[in-house]
$ cat upload17.pdb   # PDB, C-alpha atoms
ATOM      1  CA  MET A 213       7.638  -6.039 -12.067
ATOM      2  CA  GLU A 214       8.840  -8.552  -9.492
ATOM      3  CA  GLN A 215      10.311  -5.775  -7.351
ATOM      4  CA  ILE A 216       6.976  -3.966  -7.309
ATOM      5  CA  LYS A 217       5.253  -7.184  -6.232
ATOM      6  CA  ILE A 218       7.790  -7.577  -3.413
ATOM      7  CA  ILE A 219       7.339  -3.949  -2.314
ATOM      8  CA  ARG A 220       3.561  -4.434  -2.369
ATOM      9  CA  ALA A 221       3.725  -7.613  -0.286
ATOM     10  CA  GLN A 222       6.029  -6.012   2.288
ATOM     11  CA  THR A 223       3.890  -2.876   2.495
ATOM     12  CA  LEU A 224       0.721  -4.926   2.873
ATOM     13  CA  ALA A 225       2.327  -6.927   5.694
ATOM     14  CA  LEU A 226       3.243  -3.683   7.488
ATOM     15  CA  LEU A 227      -0.311  -2.363   7.084
ATOM     16  CA  VAL A 228      -1.786  -5.585   8.429
ATOM     17  CA  GLU A 229       0.497  -5.467  11.467
ATOM     18  CA  LEU A 230      -0.251  -1.786  12.074
ATOM     19  CA  THR A 231      -4.016  -2.282  11.931
ATOM     20  CA  GLU A 232      -3.928  -5.428  14.085
ATOM     21  CA  HIS A 233      -1.844  -3.680  16.751
ATOM     22  CA  PRO A 234      -2.516   0.056  16.481
ATOM     23  CA  LYS A 235      -0.157   2.370  18.338
ATOM     24  CA  PRO A 236      -0.722   5.903  19.584
ATOM     25  CA  SER A 237       1.250   8.810  18.177
ATOM     26  CA  TYR A 238       3.728  10.312  20.628
ATOM     27  CA  SER A 239       6.603  12.725  21.161
ATOM     28  CA  LEU A 240       9.697  11.951  23.214
ATOM     29  CA  ASP A 241      12.828  14.047  23.640
ATOM     30  CA  GLY A 242      11.988  16.220  20.647
ATOM     31  CA  GLN A 243      11.272  13.219  18.409
ATOM     32  CA  SER A 244       7.703  12.542  17.334
ATOM     33  CA  VAL A 245       6.110   9.459  15.844
ATOM     34  CA  ASP A 246       2.822   9.908  14.000
ATOM     35  CA  TRP A 247       1.395   6.472  13.285
ATOM     36  CA  GLU A 248      -1.581   7.866  11.352
ATOM     37  CA  THR A 249       0.733   9.605   8.877
ATOM     38  CA  TYR A 250       2.838   6.456   8.610
ATOM     39  CA  GLN A 251      -0.273   4.401   7.830
ATOM     40  CA  LYS A 252      -1.299   6.900   5.132
ATOM     41  CA  GLN A 253       2.184   6.698   3.585
ATOM     42  CA  LEU A 254       1.976   2.911   3.533
ATOM     43  CA  GLN A 255      -1.459   3.092   1.889
ATOM     44  CA  ASN A 256      -0.089   5.503  -0.735
ATOM     45  CA  THR A 257       2.744   3.074  -1.459
ATOM     46  CA  LEU A 258       0.250   0.218  -1.789
ATOM     47  CA  ASP A 259      -1.920   2.284  -4.143
ATOM     48  CA  TRP A 260       1.152   3.169  -6.243
ATOM     49  CA  CYS A 261       2.130  -0.503  -6.506
ATOM     50  CA  ASP A 262      -1.415  -1.483  -7.491
ATOM     51  CA  ALA A 263      -1.474   1.184 -10.208
ATOM     52  CA  LYS A 264       1.891   0.060 -11.596
ATOM     53  CA  LEU A 265       0.864  -3.592 -11.585
ATOM     54  CA  ALA A 266      -2.501  -2.828 -13.188
ATOM     55  CA  GLY A 267      -0.744  -0.948 -15.966
ATOM     56  CA  GLU A 268       1.504  -3.910 -16.752
ATOM     57  CA  GLU A 269      -1.083  -6.682 -16.812
ATOM     58  CA  PRO A 270      -2.935  -7.564 -19.988
ATOM     59  CA  PHE A 271      -6.561  -6.527 -20.117
ATOM     60  CA  GLU A 272      -9.581  -6.859 -22.350
ATOM     61  CA  PHE A 273     -12.736  -4.874 -22.890
ATOM     62  CA  HIS A 274     -16.090  -6.627 -22.938
ATOM     63  CA  THR A 275     -18.505  -4.905 -25.273
ATOM     64  CA  GLN A 276     -21.899  -5.757 -26.608
ATOM     65  CA  ALA A 277     -23.390  -4.538 -29.852
ATOM     66  CA  GLY A 278     -26.848  -4.751 -31.244
ATOM     67  CA  THR A 279     -28.644  -3.912 -34.441
TER      68      THR A 279
END

$ encode --input "upload17.pdb" --output "structure tokens"
Amino acid sequence: MEQIKIIRAQTLALLVELTEHPKPSYSLDGQSVDWETYQKQLQNTLDWCDAKLAGEEPFEFHTQAGT
């Protein structure tokens, strides 16, 4: 659980940095860097962490009944 929280914090920090200082995608000497794909991968990692953490936390249902 702690490792997932660490991964989430690190991923969120990378996303914040990437959105504060966006970079263009480019190709150089046969190597290409696609920042949009990288951002999507980071978001997928963040979503995965959130799902794992949500599944581990206690929860309760609020219901209301009437007669």

$ residues_around --input "upload17.pdb" --residues "stretch 220-227 of chain A" --least-positions-apart "3" --cutoff "6 Å" --atoms "all atoms listed in the file" --output "PyMOL selection string"
chain A and resi 217+230+258+261

$ atom_distance --input "upload17.pdb" --atom1 "atom CA of A:Ile218" --atom2 "atom CA of A:Ser237"
27.9 Å

$ atom_distance --input "upload17.pdb" --atom1 "atom CA of A:Asp259" --atom2 "atom CA of A:Trp247"
18.2 Å

$ atom_distance --input "upload17.pdb" --atom1 "atom CA of A:Ile216" --atom2 "atom CA of A:Trp260"
9.3 Å

$ residues_near_point --input "upload17.pdb" --point "(1.6, 6.9, 19.3)" --cutoff "6 Å" --atoms "all atoms listed in the file" --output "ChimeraX atom specification"
/A:235-238

$ axis_aligned_box --input "upload17.pdb" --around "stretch 222-239 of chain A" --padding-each-side "4 Å" --output "JSON"
{"center_x": 1.3, "center_y": 2.9, "center_z": 11.7, "size_x": 18.6, "size_y": 27.7, "size_z": 26.9}

$ closest_residue --input "upload17.pdb" --among "A:Gly278, A:Ile219, A:Glu214, A:Thr231" --to "A:Lys252" --atoms "all atoms listed in the file"
A:Thr231
